[in-house]
$ cat data.cif   # mmCIF, N, CA and C atoms
data_my_file
loop_
_atom_site.group_PDB
_atom_site.id
_atom_site.type_symbol
_atom_site.label_atom_id
_atom_site.label_comp_id
_atom_site.auth_asym_id
_atom_site.auth_seq_id
_atom_site.Cartn_x
_atom_site.Cartn_y
_atom_site.Cartn_z
ATOM 1 N N MET A 134 -15.697 -0.385 2.357
ATOM 2 C CA MET A 134 -14.520 0.366 2.031
ATOM 3 C C MET A 134 -14.284 0.236 0.526
ATOM 4 N N PRO A 135 -14.205 1.362 -0.182
ATOM 5 C CA PRO A 135 -14.048 1.308 -1.639
ATOM 6 C C PRO A 135 -12.620 1.040 -2.079
ATOM 7 N N HIS A 136 -12.464 0.450 -3.228
ATOM 8 C CA HIS A 136 -11.213 0.369 -3.976
ATOM 9 C C HIS A 136 -10.121 -0.523 -3.393
ATOM 10 N N VAL A 137 -10.331 -1.231 -2.312
ATOM 11 C CA VAL A 137 -9.267 -2.085 -1.781
ATOM 12 C C VAL A 137 -9.712 -3.541 -1.772
ATOM 13 N N GLY A 138 -8.749 -4.417 -1.902
ATOM 14 C CA GLY A 138 -9.018 -5.846 -1.886
ATOM 15 C C GLY A 138 -8.900 -6.421 -0.482
ATOM 16 N N ALA A 139 -8.723 -7.732 -0.438
ATOM 17 C CA ALA A 139 -8.665 -8.441 0.843
ATOM 18 C C ALA A 139 -7.516 -7.952 1.720
ATOM 19 N N ASN A 140 -6.348 -7.692 1.126
ATOM 20 C CA ASN A 140 -5.224 -7.209 1.930
ATOM 21 C C ASN A 140 -5.517 -5.841 2.542
ATOM 22 N N GLY A 141 -6.166 -4.975 1.785
ATOM 23 C CA GLY A 141 -6.532 -3.666 2.306
ATOM 24 C C GLY A 141 -7.527 -3.769 3.449
ATOM 25 N N ARG A 142 -8.450 -4.702 3.340
ATOM 26 C CA ARG A 142 -9.427 -4.900 4.420
ATOM 27 C C ARG A 142 -8.744 -5.448 5.676
ATOM 28 N N LYS A 143 -7.763 -6.321 5.482
ATOM 29 C CA LYS A 143 -6.997 -6.813 6.631
ATOM 30 C C LYS A 143 -6.192 -5.678 7.255
ATOM 31 N N GLY A 144 -5.611 -4.831 6.398
ATOM 32 C CA GLY A 144 -4.874 -3.674 6.895
ATOM 33 C C GLY A 144 -5.763 -2.740 7.684
ATOM 34 N N TYR A 145 -6.991 -2.562 7.222
ATOM 35 C CA TYR A 145 -7.933 -1.701 7.926
ATOM 36 C C TYR A 145 -8.310 -2.311 9.279
ATOM 37 N N ALA A 146 -8.474 -3.614 9.318
ATOM 38 C CA ALA A 146 -8.780 -4.271 10.599
ATOM 39 C C ALA A 146 -7.637 -4.070 11.592
ATOM 40 N N THR A 147 -6.411 -4.161 11.121
ATOM 41 C CA THR A 147 -5.258 -3.904 11.978
ATOM 42 C C THR A 147 -5.257 -2.452 12.444
ATOM 43 N N PHE A 148 -5.509 -1.537 11.525
ATOM 44 C CA PHE A 148 -5.591 -0.106 11.836
ATOM 45 C C PHE A 148 -6.592 0.154 12.965
ATOM 46 N N LEU A 149 -7.734 -0.514 12.930
ATOM 47 C CA LEU A 149 -8.771 -0.292 13.941
ATOM 48 C C LEU A 149 -8.344 -0.733 15.339
ATOM 49 N N GLU A 150 -7.343 -1.579 15.418
ATOM 50 C CA GLU A 150 -6.846 -2.049 16.715
ATOM 51 C C GLU A 150 -5.803 -1.110 17.322
ATOM 52 N N LYS A 151 -5.324 -0.155 16.556
ATOM 53 C CA LYS A 151 -4.253 0.733 16.994
ATOM 54 C C LYS A 151 -4.791 1.889 17.829
ATOM 55 N N GLY A 152 -3.901 2.495 18.595
ATOM 56 C CA GLY A 152 -4.272 3.626 19.439
ATOM 57 C C GLY A 152 -4.417 4.919 18.642
ATOM 58 N N LEU A 153 -4.980 5.903 19.291
ATOM 59 C CA LEU A 153 -5.173 7.216 18.678
ATOM 60 C C LEU A 153 -3.953 8.084 18.931
ATOM 61 N N PRO A 154 -3.688 9.061 18.103
ATOM 62 C CA PRO A 154 -4.365 9.355 16.834
ATOM 63 C C PRO A 154 -3.972 8.333 15.772
ATOM 64 N N ARG A 155 -4.871 8.164 14.824
ATOM 65 C CA ARG A 155 -4.619 7.230 13.736
ATOM 66 C C ARG A 155 -5.336 7.712 12.480
ATOM 67 N N ALA A 156 -4.849 7.262 11.319
ATOM 68 C CA ALA A 156 -5.455 7.636 10.044
ATOM 69 C C ALA A 156 -5.217 6.519 9.039
ATOM 70 N N PHE A 157 -6.173 6.349 8.130
ATOM 71 C CA PHE A 157 -6.107 5.342 7.070
ATOM 72 C C PHE A 157 -6.386 6.062 5.758
ATOM 73 N N ALA A 158 -5.519 5.851 4.771
ATOM 74 C CA ALA A 158 -5.672 6.504 3.467
ATOM 75 C C ALA A 158 -5.749 5.452 2.371
ATOM 76 N N LEU A 159 -6.409 5.810 1.257
ATOM 77 C CA LEU A 159 -6.499 4.930 0.103
ATOM 78 C C LEU A 159 -6.685 5.751 -1.150
ATOM 79 N N ASN A 160 -6.673 5.069 -2.293
ATOM 80 C CA ASN A 160 -6.971 5.744 -3.555
ATOM 81 C C ASN A 160 -7.760 4.814 -4.461
ATOM 82 N N GLY A 161 -8.076 5.286 -5.642
ATOM 83 C CA GLY A 161 -8.921 4.538 -6.557
ATOM 84 C C GLY A 161 -8.238 3.386 -7.271
ATOM 85 N N THR A 162 -6.942 3.197 -7.058
ATOM 86 C CA THR A 162 -6.234 2.112 -7.737
ATOM 87 C C THR A 162 -5.934 0.933 -6.820
ATOM 88 N N GLY A 163 -6.413 0.998 -5.577
ATOM 89 C CA GLY A 163 -6.215 -0.105 -4.647
ATOM 90 C C GLY A 163 -5.089 0.090 -3.651
ATOM 91 N N ALA A 164 -4.350 1.182 -3.770
ATOM 92 C CA ALA A 164 -3.279 1.453 -2.805
ATOM 93 C C ALA A 164 -3.890 1.912 -1.484
ATOM 94 N N TRP A 165 -3.207 1.600 -0.399
ATOM 95 C CA TRP A 165 -3.683 2.023 0.916
ATOM 96 C C TRP A 165 -2.494 2.089 1.872
ATOM 97 N N GLY A 166 -2.688 2.801 2.963
ATOM 98 C CA GLY A 166 -1.669 2.904 3.996
ATOM 99 C C GLY A 166 -2.280 3.509 5.241
ATOM 100 N N TRP A 167 -1.656 3.259 6.370
ATOM 101 C CA TRP A 167 -2.170 3.813 7.614
ATOM 102 C C TRP A 167 -1.011 4.217 8.512
ATOM 103 N N ALA A 168 -1.339 4.985 9.521
ATOM 104 C CA ALA A 168 -0.376 5.381 10.543
ATOM 105 C C ALA A 168 -1.139 5.551 11.842
ATOM 106 N N ALA A 169 -0.459 5.270 12.941
ATOM 107 C CA ALA A 169 -1.096 5.404 14.251
ATOM 108 C C ALA A 169 -0.096 5.933 15.258
ATOM 109 N N GLU A 170 -0.639 6.660 16.217
ATOM 110 C CA GLU A 170 0.120 7.208 17.320
ATOM 111 C C GLU A 170 1.234 8.116 16.802
ATOM 112 N N GLY A 171 1.785 8.926 17.622
ATOM 113 C CA GLY A 171 2.847 9.829 17.197
ATOM 114 C C GLY A 171 2.314 11.067 16.505
ATOM 115 N N ASP A 172 3.239 11.801 15.917
ATOM 116 C CA ASP A 172 2.901 13.073 15.274
ATOM 117 C C ASP A 172 2.302 12.891 13.891
ATOM 118 N N ASP A 173 1.315 13.699 13.577
ATOM 119 C CA ASP A 173 0.721 13.845 12.252
ATOM 120 C C ASP A 173 0.396 12.524 11.558
ATOM 121 N N ALA A 174 -0.467 11.756 12.178
ATOM 122 C CA ALA A 174 -0.870 10.462 11.614
ATOM 123 C C ALA A 174 -1.501 10.616 10.235
ATOM 124 N N THR A 175 -2.209 11.713 9.990
ATOM 125 C CA THR A 175 -2.860 11.891 8.688
ATOM 126 C C THR A 175 -1.823 12.008 7.570
ATOM 127 N N ALA A 176 -0.812 12.827 7.761
ATOM 128 C CA ALA A 176 0.227 12.991 6.739
ATOM 129 C C ALA A 176 1.006 11.697 6.548
ATOM 130 N N ARG A 177 1.301 10.993 7.623
ATOM 131 C CA ARG A 177 2.038 9.734 7.515
ATOM 132 C C ARG A 177 1.226 8.664 6.808
ATOM 133 N N ALA A 178 -0.091 8.615 7.054
ATOM 134 C CA ALA A 178 -0.945 7.637 6.374
ATOM 135 C C ALA A 178 -0.981 7.897 4.876
ATOM 136 N N ILE A 179 -1.124 9.153 4.492
ATOM 137 C CA ILE A 179 -1.131 9.493 3.064
ATOM 138 C C ILE A 179 0.216 9.149 2.438
ATOM 139 N N ALA A 180 1.306 9.468 3.119
ATOM 140 C CA ALA A 180 2.641 9.155 2.606
ATOM 141 C C ALA A 180 2.828 7.637 2.464
ATOM 142 N N ASN A 181 2.352 6.872 3.429
ATOM 143 C CA ASN A 181 2.456 5.412 3.346
ATOM 144 C C ASN A 181 1.665 4.866 2.169
ATOM 145 N N CYS A 182 0.509 5.429 1.902
ATOM 146 C CA CYS A 182 -0.298 5.023 0.750
ATOM 147 C C CYS A 182 0.412 5.396 -0.553
ATOM 148 N N GLN A 183 0.970 6.603 -0.617
ATOM 149 C CA GLN A 183 1.623 7.087 -1.835
ATOM 150 C C GLN A 183 2.836 6.254 -2.217
ATOM 151 N N LYS A 184 3.420 5.555 -1.264
ATOM 152 C CA LYS A 184 4.571 4.687 -1.568
ATOM 153 C C LYS A 184 4.192 3.593 -2.558
ATOM 154 N N HIS A 185 2.896 3.306 -2.677
ATOM 155 C CA HIS A 185 2.423 2.191 -3.489
ATOM 156 C C HIS A 185 1.702 2.620 -4.766
ATOM 157 N N SER A 186 1.654 3.927 -5.049
ATOM 158 C CA SER A 186 0.908 4.391 -6.211
ATOM 159 C C SER A 186 1.292 5.818 -6.575
ATOM 160 N N ARG A 187 1.195 6.123 -7.839
ATOM 161 C CA ARG A 187 1.383 7.508 -8.296
ATOM 162 C C ARG A 187 0.070 8.282 -8.255
ATOM 163 N N THR A 188 -1.037 7.572 -8.165
ATOM 164 C CA THR A 188 -2.350 8.208 -8.064
ATOM 165 C C THR A 188 -2.506 8.775 -6.655
ATOM 166 N N PRO A 189 -2.998 10.000 -6.536
ATOM 167 C CA PRO A 189 -3.114 10.619 -5.208
ATOM 168 C C PRO A 189 -3.985 9.803 -4.243
ATOM 169 N N CYS A 190 -3.521 9.720 -3.012
ATOM 170 C CA CYS A 190 -4.269 9.063 -1.947
ATOM 171 C C CYS A 190 -5.051 10.105 -1.158
ATOM 172 N N ARG A 191 -6.159 9.664 -0.579
ATOM 173 C CA ARG A 191 -6.986 10.525 0.267
ATOM 174 C C ARG A 191 -7.295 9.790 1.554
ATOM 175 N N LEU A 192 -7.632 10.550 2.553
ATOM 176 C CA LEU A 192 -7.978 9.947 3.840
ATOM 177 C C LEU A 192 -9.308 9.204 3.742
ATOM 178 N N TYR A 193 -9.342 8.020 4.305
ATOM 179 C CA TYR A 193 -10.579 7.251 4.425
ATOM 180 C C TYR A 193 -11.138 7.370 5.839
ATOM 181 N N ALA A 194 -10.272 7.263 6.848
ATOM 182 C CA ALA A 194 -10.703 7.341 8.240
ATOM 183 C C ALA A 194 -9.643 8.061 9.057
ATOM 184 N N VAL A 195 -10.135 8.839 10.018
ATOM 185 C CA VAL A 195 -9.265 9.518 10.975
ATOM 186 C C VAL A 195 -9.808 9.211 12.357
ATOM 187 N N ASP A 196 -8.949 8.684 13.201
ATOM 188 C CA ASP A 196 -9.334 8.242 14.539
ATOM 189 C C ASP A 196 -10.492 7.257 14.439
ATOM 190 N N GLU A 197 -11.665 7.610 14.906
ATOM 191 C CA GLU A 197 -12.787 6.672 14.883
ATOM 192 C C GLU A 197 -13.885 7.086 13.909
ATOM 193 N N GLU A 198 -13.544 7.976 12.961
ATOM 194 C CA GLU A 198 -14.540 8.506 12.027
ATOM 195 C C GLU A 198 -14.143 8.258 10.580
ATOM 196 N N VAL A 199 -15.073 7.753 9.779
ATOM 197 C CA VAL A 199 -14.862 7.630 8.344
ATOM 198 C C VAL A 199 -15.085 9.013 7.739
ATOM 199 N N VAL A 200 -14.082 9.507 7.019
ATOM 200 C CA VAL A 200 -14.147 10.855 6.436
ATOM 201 C C VAL A 200 -14.222 10.817 4.916
ATOM 202 N N TRP A 201 -14.165 9.643 4.325
ATOM 203 C CA TRP A 201 -14.222 9.468 2.856
ATOM 204 C C TRP A 201 -15.541 9.996 2.334
ATOM 205 N N LYS A 202 -15.489 10.743 1.234
ATOM 206 C CA LYS A 202 -16.718 11.248 0.590
ATOM 207 C C LYS A 202 -16.721 10.864 -0.849
#

$ encode --input "data.cif" --output "structure tokens"
Amino acid sequence: MPHVGANGRKGYATFLEKGLPRAFALNGTGAWGWAAEGDDATARAIANCQKHSRTPCRLYAVDEEVVWK
């Protein structure tokens, strides 16, 4: 996983334990956020990441697929 430290990796491990739908977002400055279950997990994950950075966040994983390019 690019651009995140130990806390981000722990957050990702927690994310993987959550139910679907789920999404994990990050950016190049180390910010990250996730959302699971409920409506529009992708938008909520990006919004959670953006709370920690002014640099735009992008999706890293959606449900069980890594979508980062």

$ closest_residue --input "data.cif" --among "A:Thr175, A:Thr188, A:Asn140, A:Asn181" --to "Ala156 of chain A" --atoms "only C-alpha atoms"
A:Thr175

$ residues_around --input "data.cif" --residues "segment 158-171 of chain A" --least-positions-apart "3" --cutoff "8 Å" --atoms "all atoms listed in the file" --output "PyMOL selection string"
chain A and resi 135-138+141+144-145+148+151-155+174-186+188-195

$ select_by_dssp --input "data.cif" --residues "chain A" --states "alpha helix (DSSP H)" --output "list of chain:residue names"
A:Ala139, A:Asn140, A:Gly141, A:Arg142, A:Lys143, A:Gly144, A:Tyr145, A:Ala146, A:Thr147, A:Phe148, A:Leu149, A:Glu150, A:Ala174, A:Thr175, A:Ala176, A:Arg177, A:Ala178, A:Ile179, A:Ala180, A:Asn181, A:Cys182, A:Gln183

$ atom_distance --input "data.cif" --atom1 "atom CA of Ala146 of chain A" --atom2 "atom N of Arg187 of chain A"
23.4 Å

$ select_by_dssp --input "data.cif" --residues "chain A" --states "strand (DSSP E or B)" --output "list of chain:residue names"
A:Arg155, A:Ala156, A:Phe157, A:Ala158, A:Leu159, A:Trp165, A:Gly166, A:Trp167, A:Ala168, A:Ala169, A:Arg191, A:Leu192, A:Tyr193, A:Ala194, A:Val195, A:Glu198, A:Val199

$ atom_distance --input "data.cif" --atom1 "atom CA of Arg142 of chain A" --atom2 "atom CA of Asp196 of chain A"
16.6 Å

$ atom_distance --input "data.cif" --atom1 "atom C of Phe157 of chain A" --atom2 "atom N of Asp173 of chain A"
13.4 Å

$ axis_aligned_box --input "data.cif" --around "segment 141-159 of chain A" --padding-each-side "3 Å" --output "JSON"
{"center_x": -6.6, "center_y": 1.3, "center_z": 9.1, "size_x": 11.7, "size_y": 22.2, "size_z": 26.6}

$ build_atoms --input "data.cif" --residues "segment 160-171 of chain A" --atoms "all heavy atoms" --output "PDB file, in the frame of the given file"
ATOM      1  N   ASN A 160      -6.673   5.069  -2.293  1.00  0.00           N
ATOM      2  CA  ASN A 160      -6.971   5.744  -3.555  1.00  0.00           C
ATOM      3  C   ASN A 160      -7.760   4.814  -4.461  1.00  0.00           C
ATOM      4  O   ASN A 160      -8.071   3.690  -4.080  1.00  0.00           O
ATOM      5  CB  ASN A 160      -5.695   6.266  -4.224  1.00  0.00           C
ATOM      6  CG  ASN A 160      -4.795   5.187  -4.766  1.00  0.00           C
ATOM      7  OD1 ASN A 160      -5.184   4.032  -4.917  1.00  0.00           O
ATOM      8  ND2 ASN A 160      -3.568   5.541  -5.060  1.00  0.00           N
ATOM      9  N   GLY A 161      -8.076   5.286  -5.642  1.00  0.00           N
ATOM     10  CA  GLY A 161      -8.921   4.538  -6.557  1.00  0.00           C
ATOM     11  C   GLY A 161      -8.238   3.386  -7.271  1.00  0.00           C
ATOM     12  O   GLY A 161      -8.885   2.655  -8.013  1.00  0.00           O
ATOM     13  N   THR A 162      -6.942   3.197  -7.058  1.00  0.00           N
ATOM     14  CA  THR A 162      -6.234   2.112  -7.737  1.00  0.00           C
ATOM     15  C   THR A 162      -5.934   0.933  -6.820  1.00  0.00           C
ATOM     16  O   THR A 162      -5.259   0.000  -7.216  1.00  0.00           O
ATOM     17  CB  THR A 162      -4.905   2.608  -8.344  1.00  0.00           C
ATOM     18  OG1 THR A 162      -4.031   3.005  -7.288  1.00  0.00           O
ATOM     19  CG2 THR A 162      -5.133   3.753  -9.307  1.00  0.00           C
ATOM     20  N   GLY A 163      -6.413   0.998  -5.577  1.00  0.00           N
ATOM     21  CA  GLY A 163      -6.215  -0.105  -4.647  1.00  0.00           C
ATOM     22  C   GLY A 163      -5.089   0.090  -3.651  1.00  0.00           C
ATOM     23  O   GLY A 163      -4.877  -0.752  -2.780  1.00  0.00           O
ATOM     24  N   ALA A 164      -4.350   1.182  -3.770  1.00  0.00           N
ATOM     25  CA  ALA A 164      -3.279   1.453  -2.805  1.00  0.00           C
ATOM     26  C   ALA A 164      -3.890   1.912  -1.484  1.00  0.00           C
ATOM     27  O   ALA A 164      -4.955   2.532  -1.460  1.00  0.00           O
ATOM     28  CB  ALA A 164      -2.334   2.521  -3.334  1.00  0.00           C
ATOM     29  N   TRP A 165      -3.207   1.600  -0.399  1.00  0.00           N
ATOM     30  CA  TRP A 165      -3.683   2.023   0.916  1.00  0.00           C
ATOM     31  C   TRP A 165      -2.494   2.089   1.872  1.00  0.00           C
ATOM     32  O   TRP A 165      -1.430   1.542   1.610  1.00  0.00           O
ATOM     33  CB  TRP A 165      -4.746   1.061   1.457  1.00  0.00           C
ATOM     34  CG  TRP A 165      -4.281  -0.367   1.521  1.00  0.00           C
ATOM     35  CD1 TRP A 165      -4.331  -1.289   0.506  1.00  0.00           C
ATOM     36  CD2 TRP A 165      -3.665  -1.023   2.625  1.00  0.00           C
ATOM     37  NE1 TRP A 165      -3.793  -2.482   0.926  1.00  0.00           N
ATOM     38  CE2 TRP A 165      -3.369  -2.348   2.229  1.00  0.00           C
ATOM     39  CE3 TRP A 165      -3.336  -0.633   3.925  1.00  0.00           C
ATOM     40  CZ2 TRP A 165      -2.762  -3.263   3.078  1.00  0.00           C
ATOM     41  CZ3 TRP A 165      -2.733  -1.556   4.760  1.00  0.00           C
ATOM     42  CH2 TRP A 165      -2.463  -2.850   4.347  1.00  0.00           C
ATOM     43  N   GLY A 166      -2.688   2.801   2.963  1.00  0.00           N
ATOM     44  CA  GLY A 166      -1.669   2.904   3.996  1.00  0.00           C
ATOM     45  C   GLY A 166      -2.280   3.509   5.241  1.00  0.00           C
ATOM     46  O   GLY A 166      -3.314   4.167   5.173  1.00  0.00           O
ATOM     47  N   TRP A 167      -1.656   3.259   6.370  1.00  0.00           N
ATOM     48  CA  TRP A 167      -2.170   3.813   7.614  1.00  0.00           C
ATOM     49  C   TRP A 167      -1.011   4.217   8.512  1.00  0.00           C
ATOM     50  O   TRP A 167       0.136   3.827   8.287  1.00  0.00           O
ATOM     51  CB  TRP A 167      -3.107   2.838   8.320  1.00  0.00           C
ATOM     52  CG  TRP A 167      -2.511   1.530   8.702  1.00  0.00           C
ATOM     53  CD1 TRP A 167      -2.512   0.379   7.968  1.00  0.00           C
ATOM     54  CD2 TRP A 167      -1.819   1.216   9.908  1.00  0.00           C
ATOM     55  NE1 TRP A 167      -1.871  -0.624   8.642  1.00  0.00           N
ATOM     56  CE2 TRP A 167      -1.418  -0.124   9.854  1.00  0.00           C
ATOM     57  CE3 TRP A 167      -1.476   1.945  11.042  1.00  0.00           C
ATOM     58  CZ2 TRP A 167      -0.723  -0.758  10.866  1.00  0.00           C
ATOM     59  CZ3 TRP A 167      -0.777   1.314  12.060  1.00  0.00           C
ATOM     60  CH2 TRP A 167      -0.416  -0.015  11.970  1.00  0.00           C
ATOM     61  N   ALA A 168      -1.339   4.985   9.521  1.00  0.00           N
ATOM     62  CA  ALA A 168      -0.376   5.381  10.543  1.00  0.00           C
ATOM     63  C   ALA A 168      -1.139   5.551  11.842  1.00  0.00           C
ATOM     64  O   ALA A 168      -2.315   5.925  11.841  1.00  0.00           O
ATOM     65  CB  ALA A 168       0.322   6.673  10.164  1.00  0.00           C
ATOM     66  N   ALA A 169      -0.459   5.270  12.941  1.00  0.00           N
ATOM     67  CA  ALA A 169      -1.096   5.404  14.251  1.00  0.00           C
ATOM     68  C   ALA A 169      -0.096   5.933  15.258  1.00  0.00           C
ATOM     69  O   ALA A 169       1.107   5.674  15.151  1.00  0.00           O
ATOM     70  CB  ALA A 169      -1.652   4.064  14.711  1.00  0.00           C
ATOM     71  N   GLU A 170      -0.639   6.660  16.217  1.00  0.00           N
ATOM     72  CA  GLU A 170       0.120   7.208  17.320  1.00  0.00           C
ATOM     73  C   GLU A 170       1.234   8.116  16.802  1.00  0.00           C
ATOM     74  O   GLU A 170       1.541   8.124  15.625  1.00  0.00           O
ATOM     75  CB  GLU A 170       0.635   6.089  18.220  1.00  0.00           C
ATOM     76  CG  GLU A 170      -0.512   5.226  18.738  1.00  0.00           C
ATOM     77  CD  GLU A 170      -0.064   3.951  19.432  1.00  0.00           C
ATOM     78  OE1 GLU A 170       1.125   3.605  19.367  1.00  0.00           O
ATOM     79  OE2 GLU A 170      -0.926   3.306  20.047  1.00  0.00           O
ATOM     80  N   GLY A 171       1.785   8.926  17.622  1.00  0.00           N
ATOM     81  CA  GLY A 171       2.847   9.829  17.197  1.00  0.00           C
ATOM     82  C   GLY A 171       2.314  11.067  16.505  1.00  0.00           C
ATOM     83  O   GLY A 171       1.116  11.338  16.486  1.00  0.00           O
TER      84      GLY A 171
END
